[in-house]
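Worksheet: one structure, shown below.
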Amino acid sequence: MMFNAIYLTQSDDGKTQAALREFNDDVLPRYESGNVIVDVHYSTINFKDGLAITGRSPVVRSFPIVPGIDLCGVVAESDDPEWKVGDKVIVNGWEIGERYWGGLSQRARVRGDWLIRLPAGLTPWDAMAIGTAGYTAMLCVRGLEKNGVAPDSGPVLVTGASGGVGSIAISILAKLGYKVTASTGRLSESDYLRELGAAHIIDRSSLSSPGKPLQKERWAGVVDTVGSHTLANACASTQYGGTVTACGLAQGMDLPLTVAPFILRGVKLIGINSVLISRAEREDAWERLAKDLKPQAIAAMSRTVALPEVFDVARDILDGKIRGRVVVDVQRAM
């Protein structure tokens, strides 16, 4: 069967070359067991996909490759007894789009143990409007909850608020009753952030420069997508016993802080990894997303593009020009 996909190769000088190519099923990688072919209906573009497609950071570990760390579709063929033709499924993480062929394709062969069922109440489009960004946001919210941060504990800071993870984190937290402060570099998006549920909005510049090791206690919890000085300042201004969840590095991988917040205030810094966690945790997060994310919020923060438009979107997401989520209708020509 013929299908179209975004295809990444690497030249001899190490540069990434991206193109839209036509293939047949014979080229799809095979795994030792549990092979499942999915007719992909929708994918999405995350920050990591932007890095892969543009080659701005070496996130791809095996060339040639089809990028895309998310996909949602219907099982077309299955060697795995758990999955049958017609099952609606989601794949996110498991190093697809980095080490294994990913979701920016009309067909994908994956391992059966990577799949989870599409939760009741979500359409395939909904699932990709949520995607790894929303799934990661929910893992952050669960991290706050597990460490005792409740709606009455105090305000919660969300950094990188206009991005995919930040937008969905705001919507989830607001629906659960938390008072959310959104940090953004685009104050022009203030109305959008308030619509999602942000109670207060601050300019990211107040957090992005070097700060004092210990600052005024402000936040009961933090969802940080930025890293570097922003994460350091968030930790330094978290309340006694508060929790900071870290899931991104948009500002940088460095973390210029001291131990003061941790040994003087008992602040907890929780790392969030969405790629390799267990199926049970994934299923719980997705069930929570189906329940705790406002349906209207999904539509408000998302737009849909066709597969050929992915190249422009990849550049825009890295340049900070994308608000919320971008769903890719991989079956649409333009």
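Every chain in the structure tokens takes a letter, A first, then B, and so on in the order presented; its residues are numbered from 1, and the ligands are numbered from 1 following the presented order.
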Q: From a DSSP pass on the backbone, collect the residues of stretch 25-209 of chain A flagged as strand (DSSP E) and hand them back as a VMD selection string.
A: chain A and resid 35 to 44 70 to 78 88 to 92 107 to 111 116 to 117 156 to 158 180 to 184 200 to 203
Q: List the neighbours of stretch 59-75 of chain A out to 6 Å using only C-alpha atoms; skip same-chain residues closer than 5 positions along the sequence, and give me the result as a ChimeraX atom specification.
A: /A:6-9,38-43,49,52,85-93,96-99,101-104,124
Output file for the residues above (N, CA, C and O atoms, as a compact mmCIF listing (two decimals), in the first residue's frame):
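Final file, part_39.txt:
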```txt
# COMPACT_ATOMS: atom_id res chain seq x y z
N ILE A 6 6.63 12.43 5.92
CA ILE A 6 7.78 13.32 6.03
C ILE A 6 9.00 12.43 6.27
O ILE A 6 8.98 11.54 7.11
N TYR A 7 10.07 12.67 5.53
CA TYR A 7 11.23 11.78 5.55
C TYR A 7 12.49 12.60 5.80
O TYR A 7 12.75 13.59 5.10
N LEU A 8 13.24 12.22 6.82
CA LEU A 8 14.47 12.93 7.18
C LEU A 8 15.68 12.09 6.85
O LEU A 8 15.76 10.91 7.22
N THR A 9 16.63 12.70 6.17
CA THR A 9 17.93 12.07 5.92
C THR A 9 19.01 13.02 6.41
O THR A 9 18.76 14.19 6.70
N VAL A 38 -0.62 0.81 11.65
CA VAL A 38 -1.69 1.75 11.97
C VAL A 38 -1.91 2.67 10.77
O VAL A 38 -0.96 3.23 10.22
N ASP A 39 -3.18 2.78 10.35
CA ASP A 39 -3.56 3.84 9.42
C ASP A 39 -3.66 5.12 10.26
O ASP A 39 -4.58 5.26 11.07
N VAL A 40 -2.71 6.01 10.08
CA VAL A 40 -2.64 7.21 10.90
C VAL A 40 -3.67 8.23 10.39
O VAL A 40 -3.71 8.53 9.20
N HIS A 41 -4.49 8.74 11.29
CA HIS A 41 -5.45 9.78 10.93
C HIS A 41 -4.90 11.17 11.24
O HIS A 41 -5.02 12.08 10.42
N TYR A 42 -4.30 11.30 12.41
CA TYR A 42 -3.76 12.59 12.82
C TYR A 42 -2.44 12.40 13.56
O TYR A 42 -2.23 11.39 14.23
N SER A 43 -1.58 13.40 13.41
CA SER A 43 -0.38 13.51 14.21
C SER A 43 -0.35 14.95 14.73
O SER A 43 -1.36 15.64 14.73
N ASP A 49 9.70 17.81 17.63
CA ASP A 49 9.54 17.56 16.21
C ASP A 49 10.14 18.70 15.39
O ASP A 49 10.75 18.47 14.34
N ALA A 52 13.79 18.19 15.25
CA ALA A 52 14.15 17.09 14.37
C ALA A 52 14.06 17.49 12.90
O ALA A 52 14.99 17.24 12.11
N VAL A 85 -7.78 -5.50 14.04
CA VAL A 85 -8.08 -4.53 12.99
C VAL A 85 -9.30 -3.71 13.40
O VAL A 85 -10.32 -4.26 13.85
N GLY A 86 -9.18 -2.39 13.28
CA GLY A 86 -10.28 -1.50 13.63
C GLY A 86 -10.14 -0.82 14.98
O GLY A 86 -10.88 0.14 15.26
N ASP A 87 -9.22 -1.30 15.82
CA ASP A 87 -9.02 -0.67 17.12
C ASP A 87 -8.48 0.76 16.93
O ASP A 87 -7.57 0.99 16.14
N LYS A 88 -9.05 1.70 17.68
CA LYS A 88 -8.57 3.08 17.66
C LYS A 88 -7.48 3.23 18.72
O LYS A 88 -7.70 2.91 19.89
N VAL A 89 -6.32 3.71 18.31
CA VAL A 89 -5.15 3.69 19.19
C VAL A 89 -4.38 5.00 19.16
O VAL A 89 -4.48 5.79 18.22
N ILE A 90 -3.61 5.20 20.23
CA ILE A 90 -2.69 6.33 20.36
C ILE A 90 -1.29 5.78 20.60
O ILE A 90 -1.12 4.79 21.32
N VAL A 91 -0.30 6.42 20.02
CA VAL A 91 1.10 6.18 20.39
C VAL A 91 1.73 7.53 20.67
O VAL A 91 1.60 8.46 19.87
N ASN A 92 2.39 7.65 21.81
CA ASN A 92 3.23 8.82 22.03
C ASN A 92 4.43 8.41 22.88
O ASN A 92 4.34 7.53 23.73
N GLY A 93 5.57 9.02 22.57
CA GLY A 93 6.79 8.63 23.26
C GLY A 93 7.41 7.38 22.66
O GLY A 93 7.34 7.14 21.46
N ILE A 96 9.63 7.12 19.32
CA ILE A 96 9.24 7.25 17.91
C ILE A 96 9.53 8.69 17.48
O ILE A 96 9.43 9.63 18.26
N GLY A 97 9.94 8.84 16.24
CA GLY A 97 10.33 10.14 15.74
C GLY A 97 11.74 10.54 16.12
O GLY A 97 12.23 11.58 15.67
N GLU A 98 12.38 9.72 16.97
CA GLU A 98 13.77 9.97 17.38
C GLU A 98 14.66 8.79 17.00
O GLU A 98 15.65 8.93 16.31
N ARG A 99 14.28 7.62 17.49
CA ARG A 99 15.03 6.39 17.19
C ARG A 99 14.26 5.48 16.22
O ARG A 99 14.85 4.76 15.43
N TRP A 101 10.71 5.07 13.49
CA TRP A 101 9.86 5.84 12.60
C TRP A 101 8.59 6.28 13.33
O TRP A 101 7.98 5.50 14.05
N GLY A 102 8.22 7.57 13.09
CA GLY A 102 7.17 8.17 13.88
C GLY A 102 5.88 8.45 13.14
O GLY A 102 5.54 7.79 12.14
N GLY A 103 5.14 9.46 13.62
CA GLY A 103 3.75 9.63 13.27
C GLY A 103 3.43 10.60 12.15
O GLY A 103 2.26 10.71 11.76
N LEU A 104 4.41 11.33 11.60
CA LEU A 104 4.12 12.25 10.51
C LEU A 104 4.11 11.49 9.19
O LEU A 104 4.91 11.70 8.28
N PRO A 124 -10.05 11.04 17.51
CA PRO A 124 -8.63 11.06 17.11
C PRO A 124 -8.07 12.47 17.00
O PRO A 124 -6.92 12.71 17.37
```
Give me the residues of stretch 89-157 of chain A that have any atom at most 7 Å from an atom of stretch 240-260 of chain A; for each, the nearest atom pair and the distance in Å, rounded to one decimal. Use only C-alpha atoms, sort by chain and number, and format it as a Markdown table.
```
| residue | atom | partner | partner_atom | distance |
| --- | --- | --- | --- | --- |
| A:Cys140 | CA | A:Thr245 | CA | 5.8 |
| A:Gly143 | CA | A:Thr245 | CA | 6.8 |
| A:Leu144 | CA | A:Thr243 | CA | 6.2 |
| A:Asn147 | CA | A:Thr243 | CA | 6.8 |
| A:Val149 | CA | A:Gly242 | CA | 7.0 |
```
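Residues in contact with A:Gln239 at up to 9 Å, not including ones fewer than 3 positions away on its chain and judged by only C-alpha atoms, are A:Gly154, A:Lys216, A:Glu217, A:Arg218, A:Trp219, A:Ala220, A:Gly221, A:Cys235, A:Ala236, A:Gly242, A:Thr243, A:Pro261, A:Arg265, A:Gly266, A:Val267.
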Selection above as a file: N, CA, C and O atoms, as an mmCIF file, in the first residue's frame:
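Writing done, so here's selection08.cif:
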```cif
data_model
loop_
_atom_site.group_PDB
_atom_site.id
_atom_site.type_symbol
_atom_site.label_atom_id
_atom_site.label_comp_id
_atom_site.auth_asym_id
_atom_site.auth_seq_id
_atom_site.Cartn_x
_atom_site.Cartn_y
_atom_site.Cartn_z
ATOM 1 N N GLY A 154 -2.207 27.329 47.398
ATOM 2 C CA GLY A 154 -1.666 28.605 46.958
ATOM 3 C C GLY A 154 -1.537 28.636 45.452
ATOM 4 O O GLY A 154 -1.878 27.660 44.757
ATOM 5 N N LYS A 216 11.404 35.738 47.538
ATOM 6 C CA LYS A 216 10.110 35.775 48.215
ATOM 7 C C LYS A 216 9.289 34.553 47.843
ATOM 8 O O LYS A 216 9.211 34.175 46.674
ATOM 9 N N GLU A 217 8.676 33.928 48.860
ATOM 10 C CA GLU A 217 7.845 32.742 48.613
ATOM 11 C C GLU A 217 6.568 33.136 47.876
ATOM 12 O O GLU A 217 5.788 33.943 48.365
ATOM 13 N N ARG A 218 6.364 32.527 46.703
ATOM 14 C CA ARG A 218 5.207 32.911 45.889
ATOM 15 C C ARG A 218 4.347 31.721 45.472
ATOM 16 O O ARG A 218 3.139 31.788 45.478
ATOM 17 N N TRP A 219 4.980 30.612 45.098
ATOM 18 C CA TRP A 219 4.252 29.537 44.421
ATOM 19 C C TRP A 219 4.132 28.295 45.304
ATOM 20 O O TRP A 219 5.108 27.833 45.881
ATOM 21 N N ALA A 220 2.926 27.730 45.356
ATOM 22 C CA ALA A 220 2.754 26.426 45.997
ATOM 23 C C ALA A 220 3.251 25.316 45.087
ATOM 24 O O ALA A 220 3.722 24.271 45.543
ATOM 25 N N GLY A 221 3.158 25.549 43.795
ATOM 26 C CA GLY A 221 3.611 24.575 42.809
ATOM 27 C C GLY A 221 3.988 25.265 41.523
ATOM 28 O O GLY A 221 3.582 26.414 41.267
ATOM 29 N N CYS A 235 12.235 27.783 41.400
ATOM 30 C CA CYS A 235 12.586 27.042 42.622
ATOM 31 C C CYS A 235 12.859 28.001 43.779
ATOM 32 O O CYS A 235 12.428 27.768 44.915
ATOM 33 N N ALA A 236 13.579 29.081 43.498
ATOM 34 C CA ALA A 236 13.971 30.030 44.538
ATOM 35 C C ALA A 236 12.781 30.792 45.116
ATOM 36 O O ALA A 236 12.862 31.329 46.217
ATOM 37 N N GLY A 242 6.745 23.352 48.902
ATOM 38 C CA GLY A 242 6.124 23.318 47.580
ATOM 39 C C GLY A 242 6.827 22.374 46.620
ATOM 40 O O GLY A 242 7.891 21.815 46.917
ATOM 41 N N THR A 243 6.230 22.206 45.444
ATOM 42 C CA THR A 243 6.748 21.268 44.450
ATOM 43 C C THR A 243 6.873 21.939 43.097
ATOM 44 O O THR A 243 5.961 22.635 42.651
ATOM 45 N N PRO A 261 16.843 26.493 48.157
ATOM 46 C CA PRO A 261 15.403 26.209 48.207
ATOM 47 C C PRO A 261 15.076 24.818 48.745
ATOM 48 O O PRO A 261 14.031 24.621 49.367
ATOM 49 N N ARG A 265 13.839 25.351 52.542
ATOM 50 C CA ARG A 265 12.381 25.405 52.411
ATOM 51 C C ARG A 265 11.757 24.045 52.097
ATOM 52 O O ARG A 265 10.538 23.939 51.997
ATOM 53 N N GLY A 266 12.558 23.040 51.914
ATOM 54 C CA GLY A 266 12.007 21.721 51.611
ATOM 55 C C GLY A 266 11.300 21.650 50.275
ATOM 56 O O GLY A 266 10.393 20.837 50.079
ATOM 57 N N VAL A 267 11.715 22.498 49.330
ATOM 58 C CA VAL A 267 11.124 22.480 47.992
ATOM 59 C C VAL A 267 11.499 21.174 47.297
ATOM 60 O O VAL A 267 12.636 20.698 47.397
#
```
Please extract the residues of stretch 70-226 of chain A with a backbone DSSP assignment of alpha helix (DSSP H) and present them as a compact mmCIF listing (two decimals) with all heavy atoms, in the first residue's frame.
```
# COMPACT_ATOMS: atom_id res chain seq x y z
N PRO A 124 -10.05 11.04 17.51
CA PRO A 124 -8.63 11.06 17.11
C PRO A 124 -8.07 12.47 17.00
O PRO A 124 -6.92 12.71 17.37
CB PRO A 124 -8.65 10.33 15.76
CG PRO A 124 -9.80 9.38 15.87
CD PRO A 124 -10.85 10.15 16.63
N TRP A 125 -8.88 13.40 16.50
CA TRP A 125 -8.41 14.80 16.43
C TRP A 125 -8.16 15.35 17.83
O TRP A 125 -7.14 16.00 18.09
CB TRP A 125 -9.43 15.66 15.70
CG TRP A 125 -8.95 17.08 15.48
CD1 TRP A 125 -8.30 17.56 14.38
CD2 TRP A 125 -9.10 18.18 16.38
NE1 TRP A 125 -8.02 18.90 14.55
CE2 TRP A 125 -8.50 19.31 15.77
CE3 TRP A 125 -9.67 18.34 17.64
CZ2 TRP A 125 -8.46 20.57 16.37
CZ3 TRP A 125 -9.62 19.59 18.26
CH2 TRP A 125 -9.02 20.68 17.62
N ASP A 126 -9.10 15.10 18.77
CA ASP A 126 -8.91 15.54 20.15
C ASP A 126 -7.59 15.02 20.71
O ASP A 126 -6.84 15.75 21.37
CB ASP A 126 -10.04 15.02 21.05
CG ASP A 126 -11.39 15.63 20.75
OD1 ASP A 126 -11.45 16.73 20.19
OD2 ASP A 126 -12.40 14.98 21.11
N ALA A 127 -7.34 13.73 20.47
CA ALA A 127 -6.15 13.10 21.05
C ALA A 127 -4.87 13.76 20.57
O ALA A 127 -3.92 13.92 21.34
CB ALA A 127 -6.13 11.61 20.70
N MET A 128 -4.83 14.18 19.31
CA MET A 128 -3.63 14.82 18.82
C MET A 128 -3.59 16.32 19.13
O MET A 128 -2.51 16.92 19.19
CB MET A 128 -3.46 14.57 17.32
CG MET A 128 -3.13 13.13 17.00
SD MET A 128 -1.53 12.56 17.68
CE MET A 128 -2.03 11.82 19.26
N ALA A 129 -4.75 16.93 19.36
CA ALA A 129 -4.74 18.29 19.87
C ALA A 129 -4.16 18.30 21.29
O ALA A 129 -3.54 19.28 21.72
CB ALA A 129 -6.16 18.87 19.87
N ILE A 130 -4.36 17.21 21.99
CA ILE A 130 -3.75 17.04 23.32
C ILE A 130 -2.30 16.60 23.15
O ILE A 130 -1.37 17.27 23.58
CB ILE A 130 -4.54 16.01 24.14
CG1 ILE A 130 -5.94 16.53 24.45
CG2 ILE A 130 -3.80 15.68 25.43
CD1 ILE A 130 -6.87 15.49 25.02
N GLY A 131 -2.09 15.44 22.51
CA GLY A 131 -0.77 14.94 22.16
C GLY A 131 0.18 14.79 23.34
O GLY A 131 -0.22 14.81 24.50
N THR A 132 1.46 14.64 23.02
CA THR A 132 2.48 14.52 24.06
C THR A 132 2.52 15.77 24.94
O THR A 132 2.79 15.68 26.13
CB THR A 132 3.86 14.26 23.43
OG1 THR A 132 3.89 12.91 22.94
CG2 THR A 132 4.98 14.43 24.43
N ALA A 133 2.23 16.93 24.34
CA ALA A 133 2.22 18.16 25.14
C ALA A 133 1.20 18.07 26.27
O ALA A 133 1.50 18.34 27.44
CB ALA A 133 1.92 19.36 24.25
N GLY A 134 -0.03 17.67 25.93
CA GLY A 134 -1.07 17.57 26.95
C GLY A 134 -0.83 16.43 27.92
O GLY A 134 -1.10 16.55 29.13
N TYR A 135 -0.35 15.33 27.39
CA TYR A 135 -0.03 14.18 28.21
C TYR A 135 1.08 14.54 29.21
O TYR A 135 1.01 14.20 30.40
CB TYR A 135 0.37 13.05 27.27
CG TYR A 135 1.23 11.95 27.77
CD1 TYR A 135 0.79 11.04 28.73
CD2 TYR A 135 2.51 11.78 27.24
CE1 TYR A 135 1.61 10.00 29.14
CE2 TYR A 135 3.32 10.75 27.63
CZ TYR A 135 2.87 9.86 28.59
OH TYR A 135 3.68 8.83 29.00
N THR A 136 2.07 15.30 28.76
CA THR A 136 3.13 15.76 29.65
C THR A 136 2.58 16.73 30.69
O THR A 136 2.96 16.69 31.87
CB THR A 136 4.26 16.43 28.85
OG1 THR A 136 4.77 15.49 27.88
CG2 THR A 136 5.40 16.87 29.75
N ALA A 137 1.70 17.62 30.26
CA ALA A 137 1.07 18.56 31.19
C ALA A 137 0.34 17.80 32.29
O ALA A 137 0.41 18.17 33.47
CB ALA A 137 0.11 19.48 30.45
N MET A 138 -0.38 16.74 31.92
CA MET A 138 -1.10 15.95 32.92
C MET A 138 -0.13 15.25 33.87
O MET A 138 -0.39 15.16 35.08
CB MET A 138 -2.02 14.94 32.25
CG MET A 138 -2.80 14.07 33.23
SD MET A 138 -3.76 15.01 34.46
CE MET A 138 -5.14 15.55 33.45
N LEU A 139 0.99 14.77 33.37
CA LEU A 139 1.99 14.15 34.25
C LEU A 139 2.51 15.18 35.25
O LEU A 139 2.76 14.85 36.41
CB LEU A 139 3.14 13.57 33.42
CG LEU A 139 2.81 12.40 32.51
CD1 LEU A 139 4.06 11.97 31.73
CD2 LEU A 139 2.24 11.21 33.28
N CYS A 140 2.68 16.42 34.80
CA CYS A 140 3.10 17.48 35.72
C CYS A 140 2.05 17.74 36.79
O CYS A 140 2.37 17.87 37.98
CB CYS A 140 3.38 18.77 34.94
SG CYS A 140 4.84 18.73 33.88
N VAL A 141 0.77 17.81 36.38
CA VAL A 141 -0.31 18.03 37.34
C VAL A 141 -0.36 16.88 38.34
O VAL A 141 -0.50 17.11 39.56
CB VAL A 141 -1.65 18.17 36.60
CG1 VAL A 141 -2.82 18.20 37.60
CG2 VAL A 141 -1.66 19.45 35.75
N ARG A 142 -0.22 15.66 37.86
CA ARG A 142 -0.20 14.51 38.76
C ARG A 142 0.98 14.57 39.72
O ARG A 142 0.89 14.18 40.88
CB ARG A 142 -0.17 13.20 37.96
CG ARG A 142 -1.48 12.91 37.21
CD ARG A 142 -1.34 11.74 36.25
NE ARG A 142 -1.35 10.47 36.95
CZ ARG A 142 -0.33 9.61 36.97
NH1 ARG A 142 0.80 9.91 36.34
NH2 ARG A 142 -0.43 8.47 37.60
N GLY A 143 2.12 15.08 39.23
CA GLY A 143 3.28 15.25 40.10
C GLY A 143 3.02 16.23 41.22
O GLY A 143 3.44 16.01 42.37
N LEU A 144 2.31 17.31 40.92
CA LEU A 144 1.94 18.27 41.96
C LEU A 144 0.98 17.62 42.96
O LEU A 144 1.16 17.75 44.19
CB LEU A 144 1.28 19.51 41.34
CG LEU A 144 2.14 20.36 40.40
CD1 LEU A 144 1.32 21.53 39.87
CD2 LEU A 144 3.39 20.87 41.09
N GLU A 145 -0.02 16.94 42.45
CA GLU A 145 -1.02 16.31 43.32
C GLU A 145 -0.38 15.28 44.26
O GLU A 145 -0.67 15.25 45.46
CB GLU A 145 -2.10 15.64 42.49
CG GLU A 145 -2.98 16.59 41.71
CD GLU A 145 -3.93 15.89 40.76
OE1 GLU A 145 -3.63 14.74 40.34
OE2 GLU A 145 -4.97 16.47 40.42
N LYS A 146 0.48 14.44 43.68
CA LYS A 146 1.11 13.38 44.48
C LYS A 146 1.98 13.95 45.60
O LYS A 146 2.21 13.28 46.61
CB LYS A 146 1.97 12.49 43.58
CG LYS A 146 1.16 11.58 42.66
CD LYS A 146 2.09 10.76 41.78
CE LYS A 146 1.32 9.84 40.86
NZ LYS A 146 2.23 9.05 39.98
N GLY A 164 2.40 24.53 23.91
CA GLY A 164 1.48 23.41 24.02
C GLY A 164 1.32 22.88 25.42
O GLY A 164 0.20 22.75 25.92
N VAL A 165 2.43 22.57 26.09
CA VAL A 165 2.36 22.05 27.46
C VAL A 165 1.76 23.10 28.38
O VAL A 165 0.87 22.81 29.19
CB VAL A 165 3.75 21.63 27.97
CG1 VAL A 165 3.67 21.18 29.43
CG2 VAL A 165 4.32 20.50 27.12
N GLY A 166 2.24 24.34 28.27
CA GLY A 166 1.76 25.39 29.15
C GLY A 166 0.27 25.65 29.00
O GLY A 166 -0.47 25.77 29.99
N SER A 167 -0.20 25.72 27.75
CA SER A 167 -1.61 25.99 27.51
C SER A 167 -2.50 24.93 28.13
O SER A 167 -3.51 25.23 28.78
CB SER A 167 -1.88 26.07 26.00
OG SER A 167 -1.23 27.16 25.40
N ILE A 168 -2.13 23.67 27.92
CA ILE A 168 -2.97 22.59 28.44
C ILE A 168 -2.86 22.51 29.95
O ILE A 168 -3.85 22.26 30.65
CB ILE A 168 -2.61 21.26 27.76
CG1 ILE A 168 -2.91 21.36 26.25
CG2 ILE A 168 -3.38 20.10 28.38
CD1 ILE A 168 -2.55 20.14 25.45
N ALA A 169 -1.67 22.75 30.50
CA ALA A 169 -1.51 22.74 31.96
C ALA A 169 -2.42 23.79 32.60
O ALA A 169 -3.08 23.53 33.62
CB ALA A 169 -0.06 22.99 32.34
N ILE A 170 -2.47 24.98 32.01
CA ILE A 170 -3.35 26.03 32.55
C ILE A 170 -4.79 25.58 32.55
O ILE A 170 -5.52 25.72 33.55
CB ILE A 170 -3.20 27.33 31.73
CG1 ILE A 170 -1.81 27.95 31.95
CG2 ILE A 170 -4.29 28.34 32.10
CD1 ILE A 170 -1.49 29.06 30.97
N SER A 171 -5.23 25.01 31.43
CA SER A 171 -6.63 24.60 31.32
C SER A 171 -6.98 23.52 32.34
O SER A 171 -8.02 23.58 32.99
CB SER A 171 -6.91 24.10 29.90
OG SER A 171 -8.27 23.77 29.75
N ILE A 172 -6.11 22.52 32.49
CA ILE A 172 -6.36 21.44 33.45
C ILE A 172 -6.39 21.99 34.87
O ILE A 172 -7.32 21.72 35.65
CB ILE A 172 -5.28 20.36 33.34
CG1 ILE A 172 -5.32 19.66 31.98
CG2 ILE A 172 -5.44 19.32 34.46
CD1 ILE A 172 -4.13 18.78 31.71
N LEU A 173 -5.37 22.76 35.23
CA LEU A 173 -5.28 23.28 36.60
C LEU A 173 -6.47 24.18 36.93
O LEU A 173 -7.03 24.09 38.03
CB LEU A 173 -3.97 24.05 36.77
CG LEU A 173 -2.69 23.21 36.80
CD1 LEU A 173 -1.46 24.08 36.56
CD2 LEU A 173 -2.56 22.46 38.12
N ALA A 174 -6.87 25.02 35.99
CA ALA A 174 -8.00 25.91 36.23
C ALA A 174 -9.28 25.12 36.45
O ALA A 174 -10.08 25.42 37.35
CB ALA A 174 -8.17 26.89 35.08
N LYS A 175 -9.48 24.06 35.64
CA LYS A 175 -10.69 23.24 35.79
C LYS A 175 -10.71 22.54 37.15
O LYS A 175 -11.77 22.33 37.74
CB LYS A 175 -10.78 22.22 34.67
CG LYS A 175 -12.07 21.40 34.67
CD LYS A 175 -12.17 20.52 33.45
CE LYS A 175 -13.52 19.81 33.40
NZ LYS A 175 -13.70 18.82 34.46
N LEU A 176 -9.52 22.20 37.65
CA LEU A 176 -9.43 21.52 38.95
C LEU A 176 -9.54 22.49 40.12
O LEU A 176 -9.56 22.06 41.28
CB LEU A 176 -8.11 20.75 39.04
CG LEU A 176 -7.98 19.55 38.08
CD1 LEU A 176 -6.56 18.99 38.15
CD2 LEU A 176 -9.00 18.47 38.42
N SER A 190 -2.40 37.53 26.25
CA SER A 190 -3.02 37.55 27.58
C SER A 190 -4.48 37.14 27.56
O SER A 190 -4.95 36.39 28.42
CB SER A 190 -2.86 38.94 28.20
OG SER A 190 -1.50 39.24 28.45
N ASP A 191 -5.24 37.62 26.58
CA ASP A 191 -6.66 37.27 26.51
C ASP A 191 -6.83 35.77 26.32
O ASP A 191 -7.71 35.14 26.92
CB ASP A 191 -7.35 38.03 25.38
CG ASP A 191 -7.51 39.52 25.69
OD1 ASP A 191 -7.37 39.89 26.88
OD2 ASP A 191 -7.77 40.29 24.76
N TYR A 192 -6.01 35.20 25.45
CA TYR A 192 -6.03 33.75 25.21
C TYR A 192 -5.75 32.99 26.50
O TYR A 192 -6.45 32.02 26.85
CB TYR A 192 -5.01 33.42 24.13
CG TYR A 192 -4.60 31.97 24.04
CD1 TYR A 192 -5.46 31.02 23.49
CD2 TYR A 192 -3.33 31.55 24.46
CE1 TYR A 192 -5.07 29.69 23.38
CE2 TYR A 192 -2.94 30.24 24.35
CZ TYR A 192 -3.81 29.31 23.82
OH TYR A 192 -3.42 27.99 23.71
N LEU A 193 -4.75 33.41 27.25
CA LEU A 193 -4.38 32.72 28.48
C LEU A 193 -5.46 32.85 29.54
O LEU A 193 -5.73 31.90 30.30
CB LEU A 193 -3.04 33.25 28.99
CG LEU A 193 -1.84 33.00 28.07
CD1 LEU A 193 -0.61 33.72 28.58
CD2 LEU A 193 -1.56 31.51 27.93
N ARG A 194 -6.10 34.00 29.59
CA ARG A 194 -7.22 34.17 30.54
C ARG A 194 -8.40 33.27 30.15
O ARG A 194 -9.07 32.72 31.01
CB ARG A 194 -7.65 35.62 30.60
CG ARG A 194 -6.62 36.53 31.30
CD ARG A 194 -7.20 37.90 31.58
NE ARG A 194 -6.21 38.75 32.23
CZ ARG A 194 -5.41 39.59 31.60
NH1 ARG A 194 -5.49 39.69 30.27
NH2 ARG A 194 -4.53 40.31 32.26
N GLU A 195 -8.63 33.13 28.85
CA GLU A 195 -9.70 32.23 28.40
C GLU A 195 -9.43 30.79 28.81
O GLU A 195 -10.36 30.04 29.12
CB GLU A 195 -9.85 32.32 26.88
CG GLU A 195 -10.45 33.62 26.38
CD GLU A 195 -10.42 33.73 24.87
OE1 GLU A 195 -10.05 32.72 24.21
OE2 GLU A 195 -10.77 34.79 24.33
N LEU A 196 -8.16 30.40 28.84
CA LEU A 196 -7.80 29.06 29.27
C LEU A 196 -7.98 28.88 30.77
O LEU A 196 -8.09 27.74 31.25
CB LEU A 196 -6.35 28.74 28.88
CG LEU A 196 -6.05 28.64 27.39
CD1 LEU A 196 -4.56 28.35 27.18
CD2 LEU A 196 -6.89 27.58 26.71
```
**Q.** 8 Å contact set for stretch 309-313 of chain A, only C-alpha atoms, chain neighbours under 4 positions out, as a PyMOL selection string
**A.** chain A and resi 18+45+50+53-54+305+317+322+328+334
Q) Which distance in Å separates atom CA of A:Asp113 and atom CA of A:Asn46, to one decimal? A) 22.7 Å
(Q) Using only C-alpha atoms, can you tell me which of A:Ser162, A:Ser33, A:Ser11, A:Gln17 comes closest to A:Arg323? (A) A:Ser162
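Nearest residue to A:Gly197, choosing from A:Leu115, A:Ile263, A:Ala300, A:Leu231 and counting only C-alpha atoms: A:Ala300.
When only C-alpha atoms are used to compute distances to A:Arg282, the closest of the residues A:Arg117, A:Lys48, A:Arg315, A:Arg303 turns out to be A:Arg117.
When atom CA of A:Asp329 is paired with atom CA of A:Leu307, their separation reads 6.4 Å.
Considering only C-alpha atoms, the residue among A:Lys268, A:Arg21, A:Lys212, A:Lys84 positioned nearest to A:Gln106 is A:Arg21.
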